[in-house]
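With TSV, C-alpha atoms inside, this is work_12.tsv:
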chain	number	residue	atom	x	y	z
F	1	MET	CA	-28.34	28.82	56.21
F	2	THR	CA	-26.79	25.36	56.70
F	3	ASN	CA	-29.00	24.56	59.69
F	4	HIS	CA	-32.05	25.64	57.73
F	5	MET	CA	-31.13	23.30	54.83
F	6	ILE	CA	-30.65	20.36	57.22
F	7	PHE	CA	-33.94	21.12	58.90
F	8	HIS	CA	-35.67	21.32	55.52
F	9	ILE	CA	-34.36	17.92	54.44
F	10	ARG	CA	-35.29	16.29	57.70
F	11	ARG	CA	-38.83	17.57	57.31
F	12	HIS	CA	-39.08	15.80	53.93
F	13	PRO	CA	-37.31	12.46	54.36
F	14	GLY	CA	-39.46	10.88	51.66
F	15	CYS	CA	-38.21	13.27	48.98
F	16	PHE	CA	-34.61	12.77	50.01
F	17	LEU	CA	-35.01	8.99	49.96
F	18	ALA	CA	-36.67	9.05	46.53
F	19	LEU	CA	-33.91	11.23	45.14
F	20	SER	CA	-31.23	8.93	46.54
F	21	ILE	CA	-32.91	5.83	45.10
F	22	THR	CA	-33.31	7.48	41.67
F	23	VAL	CA	-29.67	8.55	41.48
F	24	THR	CA	-28.45	5.14	42.65
F	25	ALA	CA	-30.68	3.30	40.18
F	26	CYS	CA	-29.52	5.43	37.25
F	27	TYR	CA	-25.89	4.90	38.13
F	28	PHE	CA	-26.46	1.15	38.55
F	29	LEU	CA	-28.23	0.82	35.20
F	30	PHE	CA	-25.55	2.83	33.40
F	31	THR	CA	-22.76	0.76	34.95
F	32	LEU	CA	-24.56	-2.51	34.24
F	33	ASN	CA	-25.17	-1.51	30.62
F	34	TYR	CA	-21.52	-0.58	30.13
F	35	ILE	CA	-20.28	-3.83	31.66
F	36	PHE	CA	-22.73	-5.88	29.60
F	37	VAL	CA	-21.91	-4.22	26.28
F	38	ARG	CA	-18.17	-4.21	26.93
F	39	THR	CA	-18.22	-7.87	27.96
F	40	VAL	CA	-20.25	-8.98	24.95
F	41	THR	CA	-18.00	-7.02	22.60
F	42	CYS	CA	-14.88	-8.44	24.20
F	43	LEU	CA	-16.25	-11.97	23.99
F	44	ARG	CA	-16.76	-11.44	20.29
F	45	GLY	CA	-13.20	-10.25	20.06
F	46	TRP	CA	-11.91	-13.34	21.84
F	47	GLN	CA	-13.68	-15.49	19.29
F	48	ILE	CA	-11.35	-14.12	16.65
F	49	GLY	CA	-8.35	-13.49	18.86
F	50	THR	CA	-8.72	-9.72	18.98
F	51	CYS	CA	-9.80	-8.80	22.52
F	52	VAL	CA	-6.93	-6.48	23.35
F	53	SER	CA	-5.75	-6.03	26.92
F	54	LYS	CA	-5.23	-2.55	28.30
F	55	SER	CA	-1.64	-3.55	28.85
F	56	ASP	CA	-1.14	-4.19	25.13
F	57	PRO	CA	1.57	-1.73	24.05
F	58	HIS	CA	0.17	-1.54	20.50
F	59	PRO	CA	-3.62	-1.63	20.91
F	60	GLU	CA	-4.44	-0.03	17.56
F	61	GLU	CA	-2.27	-2.18	15.33
F	62	TRP	CA	-3.87	-4.79	13.15
F	63	THR	CA	-3.44	-8.33	14.41
F	64	THR	CA	-2.65	-11.30	12.19
F	65	ASN	CA	-3.04	-15.00	12.81
F	66	SER	CA	-0.39	-16.67	10.66
F	67	SER	CA	-2.18	-20.02	10.80
F	68	LEU	CA	-4.90	-18.60	8.57
F	69	GLN	CA	-2.60	-17.07	5.99
F	70	SER	CA	-2.77	-18.68	2.58
F	71	ASN	CA	-0.46	-18.76	-0.39
F	72	GLU	CA	-2.95	-20.58	-2.56
F	73	GLY	CA	-4.63	-17.48	-3.96
F	74	SER	CA	-8.30	-16.63	-3.78
F	75	SER	CA	-10.98	-19.08	-2.76
F	76	LYS	CA	-13.06	-20.81	-5.44
F	77	GLU	CA	-16.40	-20.99	-3.66
F	78	THR	CA	-19.17	-18.42	-3.63
F	79	LYS	CA	-18.88	-16.00	-0.71
F	80	LEU	CA	-22.00	-15.34	1.34
F	81	ILE	CA	-22.66	-11.78	2.57
F	82	LEU	CA	-25.23	-11.27	5.33
F	83	LEU	CA	-26.93	-7.87	5.59
F	84	TRP	CA	-27.45	-7.73	9.34
F	85	SER	CA	-28.90	-4.24	9.43
F	86	PRO	CA	-30.97	-2.98	6.48
F	87	LEU	CA	-29.69	-0.59	3.85
F	88	PHE	CA	-31.42	2.36	2.27
F	89	SER	CA	-28.93	3.18	-0.49
F	90	GLY	CA	-31.36	2.39	-3.27
F	91	PRO	CA	-32.58	-0.81	-4.93
F	92	GLU	CA	-29.51	-1.05	-7.18
F	93	PHE	CA	-27.06	-1.45	-4.28
F	94	LEU	CA	-26.54	-4.90	-2.75
F	95	MET	CA	-29.71	-6.65	-3.81
F	96	THR	CA	-30.24	-10.09	-2.33
F	97	GLY	CA	-28.99	-12.92	-4.48
F	98	ASN	CA	-26.05	-12.40	-6.84
F	99	LYS	CA	-27.46	-9.68	-9.10
F	100	SER	CA	-25.39	-6.91	-7.48
F	101	PHE	CA	-22.19	-8.49	-8.77
F	102	ASP	CA	-23.44	-10.02	-12.01
F	103	HIS	CA	-22.39	-7.30	-14.43
F	104	PRO	CA	-19.28	-6.53	-16.55
F	105	SER	CA	-17.79	-3.95	-14.16
F	106	CYS	CA	-17.25	-6.64	-11.48
F	107	PRO	CA	-14.01	-8.60	-11.95
F	108	GLU	CA	-15.22	-11.08	-9.32
F	109	ARG	CA	-18.86	-12.20	-9.32
F	110	ARG	CA	-18.93	-15.24	-7.05
F	111	CYS	CA	-20.79	-13.60	-4.19
F	112	GLU	CA	-24.30	-13.95	-2.82
F	113	VAL	CA	-26.16	-11.43	-0.65
F	114	THR	CA	-28.75	-12.48	1.92
F	115	SER	CA	-30.76	-10.86	4.69
F	116	GLU	CA	-31.74	-14.20	6.27
F	117	ARG	CA	-30.24	-14.16	9.75
F	118	SER	CA	-30.62	-17.91	10.04
F	119	ARG	CA	-27.61	-18.10	7.71
F	120	LEU	CA	-25.34	-16.19	10.11
F	121	MET	CA	-22.96	-19.05	10.85
F	122	GLU	CA	-22.43	-19.92	7.18
F	123	SER	CA	-21.79	-16.31	6.16
F	124	ASP	CA	-18.32	-15.20	5.11
F	125	ALA	CA	-19.06	-11.55	5.82
F	126	VAL	CA	-21.60	-9.76	8.03
F	127	LEU	CA	-22.40	-6.21	6.97
F	128	PHE	CA	-23.46	-3.71	9.65
F	129	HIS	CA	-25.03	-0.55	8.22
F	130	LEU	CA	-24.26	2.21	10.71
F	131	ARG	CA	-27.41	4.24	10.10
F	132	THR	CA	-29.72	1.33	11.02
F	133	LEU	CA	-27.52	-0.41	13.59
F	134	SER	CA	-28.81	-0.97	17.13
F	135	MET	CA	-26.76	-1.91	20.20
F	136	THR	CA	-29.56	-4.25	21.26
F	137	ASP	CA	-29.48	-6.10	17.95
F	138	ILE	CA	-25.99	-7.52	17.45
F	139	PRO	CA	-25.20	-11.21	16.77
F	140	SER	CA	-24.32	-13.16	19.90
F	141	SER	CA	-21.97	-15.50	18.03
F	142	ARG	CA	-19.70	-15.64	15.02
F	143	THR	CA	-17.35	-18.01	13.24
F	144	ALA	CA	-13.59	-17.59	13.26
F	145	HIS	CA	-13.34	-16.90	9.53
F	146	GLN	CA	-16.09	-14.25	9.32
F	147	LYS	CA	-15.38	-10.64	8.47
F	148	TRP	CA	-17.60	-8.19	10.35
F	149	ILE	CA	-17.80	-5.09	8.20
F	150	PHE	CA	-18.52	-1.52	9.31
F	151	PHE	CA	-20.52	0.16	6.52
F	152	SER	CA	-21.56	3.75	5.94
F	153	LEU	CA	-21.93	6.01	2.93
F	154	GLU	CA	-23.06	8.98	5.01
F	155	ALA	CA	-20.55	11.42	6.51
F	156	PRO	CA	-19.91	11.24	10.30
F	157	PRO	CA	-22.14	14.23	11.19
F	158	TYR	CA	-25.06	12.17	9.86
F	159	SER	CA	-23.94	8.74	11.01
F	160	HIS	CA	-22.51	9.32	14.48
F	161	PHE	CA	-23.66	6.26	16.42
F	162	HIS	CA	-22.85	6.61	20.13
F	163	GLY	CA	-22.66	2.85	20.52
F	164	LEU	CA	-19.41	2.87	18.55
F	165	SER	CA	-17.51	3.68	21.74
F	166	PHE	CA	-18.42	0.20	23.01
F	167	MET	CA	-17.57	-1.58	19.75
F	168	ARG	CA	-13.85	-1.99	20.23
F	169	ASN	CA	-12.20	-4.96	18.53
F	170	MET	CA	-15.50	-5.84	16.87
F	171	PHE	CA	-15.09	-4.88	13.21
F	172	ASN	CA	-12.56	-6.51	10.90
F	173	TRP	CA	-13.05	-4.33	7.84
F	174	THR	CA	-14.51	-0.95	6.95
F	175	MET	CA	-16.54	-0.19	3.83
F	176	THR	CA	-17.18	3.51	3.23
F	177	TYR	CA	-16.56	6.29	0.71
F	178	ARG	CA	-13.25	7.10	2.41
F	179	LYS	CA	-10.10	6.17	0.50
F	180	ASP	CA	-8.48	4.63	3.59
F	181	SER	CA	-11.32	2.13	3.99
F	182	ASP	CA	-10.60	-1.56	3.51
F	183	ILE	CA	-13.30	-1.55	0.84
F	184	VAL	CA	-13.68	1.80	-0.90
F	185	ILE	CA	-17.19	2.49	-2.21
F	186	PRO	CA	-17.31	5.93	-3.85
F	187	TYR	CA	-20.62	7.46	-4.91
F	188	GLY	CA	-19.44	7.41	-8.51
F	189	LYS	CA	-16.40	7.62	-10.75
F	190	ALA	CA	-15.14	8.88	-14.09
F	191	VAL	CA	-13.72	6.21	-16.39
F	192	ARG	CA	-11.57	7.21	-19.36
F	193	THR	CA	-12.82	5.48	-22.52
F	194	ASN	CA	-11.20	7.54	-25.31
F	195	GLN	CA	-14.50	7.31	-27.15
F	196	SER	CA	-16.79	10.29	-27.48
F	197	SER	CA	-19.72	11.58	-29.52
F	198	PHE	CA	-19.66	14.94	-27.76
F	199	SER	CA	-19.93	17.98	-30.02
F	200	LEU	CA	-19.02	21.59	-29.22
F	201	ASN	CA	-21.55	22.66	-31.84
F	202	ASP	CA	-24.33	20.93	-29.92
F	203	LEU	CA	-23.05	22.52	-26.72
F	204	TYR	CA	-23.15	25.95	-28.35
F	205	SER	CA	-26.82	25.45	-29.26
F	206	LEU	CA	-27.59	24.51	-25.66
F	207	TRP	CA	-25.59	27.48	-24.34
F	208	LYS	CA	-27.49	29.90	-26.57
F	209	ALA	CA	-30.83	28.59	-25.27
F	210	LYS	CA	-29.94	28.93	-21.58
F	211	SER	CA	-31.42	31.86	-19.65
F	212	LYS	CA	-30.82	31.20	-15.94
F	213	MET	CA	-27.67	31.12	-13.84
F	214	ALA	CA	-27.75	28.33	-11.25
F	215	VAL	CA	-30.07	25.62	-9.93
F	216	TRP	CA	-29.85	23.74	-6.64
F	217	MET	CA	-31.77	20.61	-5.61
F	218	VAL	CA	-31.73	20.07	-1.87
F	219	SER	CA	-33.77	18.17	0.72
F	220	HIS	CA	-31.84	18.95	3.93
F	221	CYS	CA	-32.35	22.60	4.80
F	222	ASP	CA	-30.17	22.82	7.92
F	223	THR	CA	-26.82	21.12	7.43
F	224	ASP	CA	-23.51	20.62	9.19
F	225	SER	CA	-21.64	22.29	6.33
F	226	LYS	CA	-23.89	25.37	6.49
F	227	ARG	CA	-24.18	25.24	2.72
F	228	GLU	CA	-27.59	26.91	3.00
F	229	GLU	CA	-25.95	30.03	4.47
F	230	TYR	CA	-23.45	30.13	1.62
F	231	VAL	CA	-26.21	29.80	-0.99
F	232	GLU	CA	-28.28	32.47	0.77
F	233	GLU	CA	-25.39	34.91	0.43
F	234	LEU	CA	-24.67	33.75	-3.15
F	235	ALA	CA	-28.30	34.49	-4.07
F	236	ASN	CA	-27.73	38.12	-3.10
F	237	HIS	CA	-25.34	38.43	-6.04
F	238	MET	CA	-26.82	36.14	-8.70
F	239	ASP	CA	-29.95	34.20	-9.58
F	240	VAL	CA	-30.21	30.82	-7.78
F	241	VAL	CA	-33.34	28.68	-8.15
F	242	THR	CA	-33.80	26.06	-5.42
F	243	TYR	CA	-35.79	22.85	-5.89
F	244	GLY	CA	-36.59	20.13	-3.37
F	245	SER	CA	-37.86	20.28	0.20
F	246	CYS	CA	-36.10	23.60	0.74
F	247	GLY	CA	-37.12	25.20	-2.56
F	248	VAL	CA	-39.90	26.37	-4.82
F	249	ALA	CA	-40.85	22.97	-6.27
F	250	MET	CA	-40.12	19.26	-5.94
F	251	CYS	CA	-38.55	16.92	-8.43
F	252	PRO	CA	-40.71	13.75	-8.66
F	253	PHE	CA	-39.41	10.71	-6.80
F	254	ASN	CA	-36.89	8.65	-8.82
F	255	LYS	CA	-36.92	11.27	-11.59
F	256	THR	CA	-33.70	13.09	-10.67
F	257	ASN	CA	-32.00	12.54	-14.01
F	258	ASP	CA	-35.11	13.68	-15.88
F	259	CYS	CA	-35.12	16.87	-13.82
F	260	LEU	CA	-31.41	17.42	-14.46
F	261	LYS	CA	-31.98	16.99	-18.18
F	262	THR	CA	-34.67	19.68	-18.05
F	263	PHE	CA	-32.49	21.96	-15.92
F	264	SER	CA	-29.61	21.64	-18.40
F	265	LYS	CA	-31.72	23.38	-21.03
F	266	LEU	CA	-32.23	26.41	-18.79
F	267	PHE	CA	-29.31	26.73	-16.37
F	268	TYR	CA	-25.59	27.27	-16.85
F	269	PHE	CA	-24.58	25.86	-13.45
F	270	TYR	CA	-25.65	23.25	-10.93
F	271	LEU	CA	-24.76	23.68	-7.24
F	272	ALA	CA	-23.38	20.32	-6.07
F	273	PHE	CA	-23.05	21.35	-2.42
F	274	GLU	CA	-22.44	18.68	0.23
F	275	ASN	CA	-24.19	18.58	3.61
F	276	ALA	CA	-20.86	17.96	5.37
F	277	ILE	CA	-17.29	19.02	4.69
F	278	CYS	CA	-15.29	15.84	5.35
F	279	ASP	CA	-12.28	14.23	3.67
F	280	ASP	CA	-13.20	12.21	0.54
F	281	TYR	CA	-16.93	12.95	0.92
F	282	ILE	CA	-18.19	13.54	-2.63
F	283	THR	CA	-21.71	12.30	-3.30
F	284	GLU	CA	-23.73	11.35	-6.36
F	285	LYS	CA	-25.01	14.92	-6.85
F	286	PHE	CA	-21.62	15.81	-8.33
F	287	TYR	CA	-21.29	12.77	-10.60
F	288	ARG	CA	-24.86	13.08	-11.87
F	289	THR	CA	-24.27	16.64	-12.99
F	290	LEU	CA	-21.26	15.59	-15.09
F	291	ASN	CA	-23.67	13.67	-17.32
F	292	HIS	CA	-25.53	16.86	-18.25
F	293	ALA	CA	-24.80	20.15	-19.99
F	294	MET	CA	-24.32	22.15	-16.80
F	295	ILE	CA	-21.10	23.01	-15.00
F	296	PRO	CA	-21.10	21.61	-11.44
F	297	VAL	CA	-20.14	24.14	-8.79
F	298	VAL	CA	-18.82	22.04	-5.91
F	299	PHE	CA	-18.70	22.68	-2.18
F	300	GLY	CA	-17.21	19.94	-0.04
F	301	GLY	CA	-14.17	18.40	1.61
F	302	GLY	CA	-13.22	15.85	-1.04
F	303	LYS	CA	-10.28	16.22	-3.41
F	304	TYR	CA	-12.25	16.64	-6.62
F	305	SER	CA	-9.13	16.73	-8.80
F	306	SER	CA	-8.42	13.10	-7.86
F	307	VAL	CA	-11.84	11.77	-8.93
F	308	ALA	CA	-12.94	13.98	-11.81
F	309	PRO	CA	-11.50	15.00	-15.18
F	310	ILE	CA	-9.42	18.19	-15.18
F	311	GLY	CA	-11.52	21.25	-15.96
F	312	SER	CA	-14.89	19.61	-15.31
F	313	TYR	CA	-16.07	21.67	-12.32
F	314	ILE	CA	-15.75	24.97	-10.42
F	315	ASN	CA	-14.82	24.75	-6.74
F	316	ALA	CA	-16.67	27.33	-4.62
F	317	MET	CA	-14.18	26.89	-1.80
F	318	GLU	CA	-11.39	28.30	-3.95
F	319	PHE	CA	-13.08	31.71	-3.91
F	320	SER	CA	-12.76	34.17	-1.06
F	321	SER	CA	-16.50	34.85	-0.85
F	322	PRO	CA	-19.84	34.02	-2.49
F	323	LYS	CA	-19.71	37.42	-4.17
F	324	GLU	CA	-16.38	36.62	-5.81
F	325	LEU	CA	-17.76	33.27	-6.97
F	326	ALA	CA	-20.86	34.96	-8.42
F	327	ASN	CA	-18.73	37.42	-10.37
F	328	TYR	CA	-16.74	34.55	-11.89
F	329	LEU	CA	-19.86	32.55	-12.77
F	330	TYR	CA	-21.30	35.53	-14.62
F	331	LYS	CA	-18.06	35.78	-16.55
F	332	VAL	CA	-18.19	32.10	-17.54
F	333	ALA	CA	-21.89	32.16	-18.43
F	334	SER	CA	-21.52	35.15	-20.75
F	335	ASN	CA	-18.56	33.78	-22.72
F	336	PHE	CA	-19.03	30.56	-24.70
F	337	SER	CA	-15.31	30.11	-25.20
F	338	LEU	CA	-14.79	30.11	-21.42
F	339	PHE	CA	-17.96	28.09	-20.78
F	340	SER	CA	-16.92	25.39	-23.24
F	341	GLU	CA	-13.54	24.96	-21.50
F	342	TYR	CA	-15.41	23.09	-18.76
F	343	PHE	CA	-16.68	20.51	-21.27
F	344	LYS	CA	-13.56	19.77	-23.30
F	345	TRP	CA	-12.89	16.73	-21.12
F	346	LYS	CA	-15.94	15.16	-22.76
F	347	ILE	CA	-14.22	15.28	-26.14
F	348	GLU	CA	-11.46	13.05	-24.71
F	349	GLY	CA	-14.07	10.41	-23.87
F	350	TYR	CA	-15.24	9.55	-20.36
F	351	GLU	CA	-17.97	7.38	-18.94
F	352	ILE	CA	-19.48	8.72	-15.72
F	353	GLU	CA	-20.90	6.31	-13.15
F	354	ASP	CA	-23.19	8.14	-10.72
F	355	PHE	CA	-24.01	5.36	-8.26
F	356	PRO	CA	-22.16	3.30	-5.61
F	357	ASN	CA	-20.72	0.09	-7.00
F	358	PRO	CA	-20.30	-2.88	-4.60
F	359	CYS	CA	-17.89	-4.85	-6.83
F	360	ALA	CA	-14.94	-4.14	-4.52
F	361	LEU	CA	-16.68	-6.04	-1.70
F	362	CYS	CA	-16.84	-9.33	-3.60
F	363	GLU	CA	-13.34	-8.86	-4.94
F	364	LYS	CA	-11.99	-8.32	-1.41
F	365	LEU	CA	-13.70	-11.44	-0.08
F	366	HIS	CA	-11.95	-13.51	-2.74
F	367	SER	CA	-8.52	-11.99	-2.15
F	368	ASN	CA	-5.70	-13.33	0.01
F	369	VAL	CA	-6.50	-10.64	2.58
F	370	PHE	CA	-9.61	-12.60	3.53
F	371	PHE	CA	-7.42	-15.23	5.17
F	372	LEU	CA	-5.77	-12.73	7.49
F	373	TYR	CA	-7.13	-11.58	10.83
F	374	SER	CA	-7.56	-7.84	11.12
F	375	VAL	CA	-9.35	-5.68	13.66
F	376	TYR	CA	-10.22	-2.08	14.41
F	377	HIS	CA	-9.40	-1.46	18.04
F	378	ASP	CA	-11.22	1.89	18.10
F	379	VAL	CA	-13.56	2.25	15.13
F	380	GLN	CA	-15.11	5.37	16.64
F	381	LYS	CA	-11.78	7.17	16.47
F	382	TRP	CA	-11.20	5.95	12.94
F	383	TRP	CA	-14.63	7.07	11.75
F	384	ILE	CA	-15.23	10.29	13.69
F	385	LYS	CA	-11.79	11.80	14.32
F	386	ASN	CA	-10.00	10.57	11.21
F	387	SER	CA	-12.68	11.82	8.80
F	388	PHE	CA	-11.48	15.37	9.54
F	389	CYS	CA	-14.90	16.98	9.18
F	390	ARG	CA	-14.82	20.75	9.46
F	391	LYS	CA	-16.78	23.94	8.95
F	392	LEU	CA	-16.04	27.01	6.90
F	393	VAL	CA	-14.29	29.77	8.81
F	394	GLY	CA	-16.88	32.22	10.05
F	395	SER	CA	-19.81	29.76	9.89

Can you dump the structure from the file as structure tokens?
Amino acid sequence: MTNHMIFHIRRHPGCFLALSITVTACYFLFTLNYIFVRTVTCLRGWQIGTCVSKSDPHPEEWTTNSSLQSNEGSSKETKLILLWSPLFSGPEFLMTGNKSFDHPSCPERRCEVTSERSRLMESDAVLFHLRTLSMTDIPSSRTAHQKWIFFSLEAPPYSHFHGLSFMRNMFNWTMTYRKDSDIVIPYGKAVRTNQSSFSLNDLYSLWKAKSKMAVWMVSHCDTDSKREEYVEELANHMDVVTYGSCGVAMCPFNKTNDCLKTFSKLFYFYLAFENAICDDYITEKFYRTLNHAMIPVVFGGGKYSSVAPIGSYINAMEFSSPKELANYLYKVASNFSLFSEYFKWKIEGYEIEDFPNPCALCEKLHSNVFFLYSVYHDVQKWWIKNSFCRKLVGS
């Protein structure tokens, strides 16, 4: 057999040579690409004193340059933020100019946003949106005072960028929905106001007019959380109407709140199911529902009790099965006294924001922290491993 194989190869030296050249070329290109990317990244790190040697006994600690520390408080000038890679979080989030920070909810408004790359060297912060970032499109220079910011509002299963493994010692700050980010940007929040015009009598009228159990608006039909499988089983035990790309009809573009208002007249519950089960990942679908006369049924990895009023939602993951959840939802829907318990928080007075608010970014840039060097040695580990994304048992 061995002699036959040798004979066969010798009879086709051209094929063997071509195979050898192809393998060698692929290996060379891979090695060259790695060396190039690693060198460029390290050079950027050296510019800010953060290119860590393999011999460094504490490679993942944050580094500080005491010469840049300041005891004079925040800076007085306007901070310039450069959007290096484009966003698609909606027109209300980080508009160019200063409009994104020019409203009462921002304690600090002296920030300007630009997408003009010619202003790179005068920028105080450079924002890299993970979903639109390219390894072939990274600045080749930076100033010593700049903060390079890793930004993502999507969960890791939908924002896993393989180039992150090369981006060691590149990012100074993180800006995500996660609570351990340097700049925390949640999808929404509940603010206690102690002022309310909510009426249980009005709620009773709405409850009496309702005729359907649950509605679900969804555009991603095959998700990491396998929410679609849970809903499929839930629909075997109760009525679930699905809208969106995966359902019976579409809600018009930019008319989500109008659709929710219509749904609230018909449905008792809204399924606020996330496409990924990751720590702190709670999206606008939950916050939007709180503004309407439906009880949100949540399915996700975030700690809802830390962001929402007590008694404002039903957590599907606290039930042993979709059937058990369906039985409980029927019980709530058929009893106004029990149904209204999930709206009593509105009597106390809350204002619900259902959109990401960038105020924390401007505030951070004007804080004393801006004058300190900081670096993420391994941002891939921080983002992928430390998000603790998981799947339901049995999925």

Pick the closest to Gly349 of chain F from F:Arg178, F:Gly244, F:Pro309, F:Leu372: which is it, counting only C-alpha atoms?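 Closest residue, counting only C-alpha atoms: F:Pro309.
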
At what distance in Å, to one decimal, does atom CA of Tyr350 of chain F lie from atom CA of Asp202 of chain F? 17.4 Å

List as a PDB file with C-alpha atoms, in the frame of the given file the residues having at least one atom at most 10 Å from position (-35.9, 13.4, -2.7) as given in the file, counting only C-alpha atoms.
ATOM      1  CA  MET F 217     -31.770  20.610  -5.610  1.00  0.00           C
ATOM      2  CA  VAL F 218     -31.730  20.070  -1.870  1.00  0.00           C
ATOM      3  CA  SER F 219     -33.770  18.170   0.720  1.00  0.00           C
ATOM      4  CA  HIS F 220     -31.840  18.950   3.930  1.00  0.00           C
ATOM      5  CA  TYR F 243     -35.790  22.850  -5.890  1.00  0.00           C
ATOM      6  CA  GLY F 244     -36.590  20.130  -3.370  1.00  0.00           C
ATOM      7  CA  SER F 245     -37.860  20.280   0.200  1.00  0.00           C
ATOM      8  CA  MET F 250     -40.120  19.260  -5.940  1.00  0.00           C
ATOM      9  CA  CYS F 251     -38.550  16.920  -8.430  1.00  0.00           C
ATOM     10  CA  PRO F 252     -40.710  13.750  -8.660  1.00  0.00           C
ATOM     11  CA  PHE F 253     -39.410  10.710  -6.800  1.00  0.00           C
ATOM     12  CA  ASN F 254     -36.890   8.650  -8.820  1.00  0.00           C
ATOM     13  CA  LYS F 255     -36.920  11.270 -11.590  1.00  0.00           C
ATOM     14  CA  THR F 256     -33.700  13.090 -10.670  1.00  0.00           C
TER      15      THR F 256
END

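Between atom CA of Phe269 of chain F and atom CA of Ile347 of chain F lies a distance of 19.5 Å.
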
Close residues, Asp180 of chain F itself excluded, 10 Å, only C-alpha atoms, min 6 positions apart in chain, as a PyMOL selection string: chain F and resi 174+280+382+386-387

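The space separating atom CA of Tyr158 of chain F from atom CA of Arg131 of chain F comes to 8.3 Å.
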
Using only C-alpha atoms, can you tell me which of F:Val215, F:Val191, F:Gly97, F:Ser115 comes closest to Ala249 of chain F? F:Val215

Do a neighbour search on segment 182-189 of chain F at 9 Å with all atoms listed in the file, toss out local chain neighbours closer than 6 positions, and write the hits as number ranges by chain. F: 153, 173-176, 280-288, 307-308, 351-361, 364

Keeping only C-alpha atoms, write those residues as an mmCIF file, in the coordinates of the input.
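Result file follows (selection-v9.cif):
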data_model
loop_
_atom_site.group_PDB
_atom_site.id
_atom_site.type_symbol
_atom_site.label_atom_id
_atom_site.label_comp_id
_atom_site.auth_asym_id
_atom_site.auth_seq_id
_atom_site.Cartn_x
_atom_site.Cartn_y
_atom_site.Cartn_z
ATOM 1 C CA LEU F 153 -21.930 6.010 2.930
ATOM 2 C CA TRP F 173 -13.050 -4.330 7.840
ATOM 3 C CA THR F 174 -14.510 -0.950 6.950
ATOM 4 C CA MET F 175 -16.540 -0.190 3.830
ATOM 5 C CA THR F 176 -17.180 3.510 3.230
ATOM 6 C CA ASP F 280 -13.200 12.210 0.540
ATOM 7 C CA TYR F 281 -16.930 12.950 0.920
ATOM 8 C CA ILE F 282 -18.190 13.540 -2.630
ATOM 9 C CA THR F 283 -21.710 12.300 -3.300
ATOM 10 C CA GLU F 284 -23.730 11.350 -6.360
ATOM 11 C CA LYS F 285 -25.010 14.920 -6.850
ATOM 12 C CA PHE F 286 -21.620 15.810 -8.330
ATOM 13 C CA TYR F 287 -21.290 12.770 -10.600
ATOM 14 C CA ARG F 288 -24.860 13.080 -11.870
ATOM 15 C CA VAL F 307 -11.840 11.770 -8.930
ATOM 16 C CA ALA F 308 -12.940 13.980 -11.810
ATOM 17 C CA GLU F 351 -17.970 7.380 -18.940
ATOM 18 C CA ILE F 352 -19.480 8.720 -15.720
ATOM 19 C CA GLU F 353 -20.900 6.310 -13.150
ATOM 20 C CA ASP F 354 -23.190 8.140 -10.720
ATOM 21 C CA PHE F 355 -24.010 5.360 -8.260
ATOM 22 C CA PRO F 356 -22.160 3.300 -5.610
ATOM 23 C CA ASN F 357 -20.720 0.090 -7.000
ATOM 24 C CA PRO F 358 -20.300 -2.880 -4.600
ATOM 25 C CA CYS F 359 -17.890 -4.850 -6.830
ATOM 26 C CA ALA F 360 -14.940 -4.140 -4.520
ATOM 27 C CA LEU F 361 -16.680 -6.040 -1.700
ATOM 28 C CA LYS F 364 -11.990 -8.320 -1.410
#

Quick one: 8 Å padding each side, axis-aligned, all listed atoms of segment 245-264 of chain F - centre and edge lengths in Å to one decimal, as JSON?
{"center_x": -35.2, "center_y": 17.5, "center_z": -8.8, "size_x": 27.2, "size_y": 33.7, "size_z": 35.1}

I'd like to know which of F:Leu338, F:Ala209, F:Asn327, F:Val379 is closest to Phe166 of chain F, using only C-alpha atoms. F:Val379

F:Leu80, F:Leu260, F:Leu94, F:Leu290: which is nearest Lys346 of chain F, counting all atoms listed in the file? F:Leu290

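Considering the residues F:Thr143, F:Asn315, F:Asn275, F:Ser134 and counting all atoms listed in the file, Lys226 of chain F has its shortest atom-to-atom contact with F:Asn275.
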
Here is a test: counting all atoms listed in the file, which residue of F:Met95, F:Met213, F:Ile314, F:Met121 is nearest to Tyr268 of chain F?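 Among the listed residues, the smallest separation from Tyr268 of chain F belongs to F:Met213.
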
For Glu229 of chain F, work out the shell of residues within 12 Å, counting all atoms listed in the file and skipping chain neighbours fewer than 3 positions away, then give it as a PyMOL selection string. chain F and resi 221-226+232-236+273+275+321-322+391-392+394-395
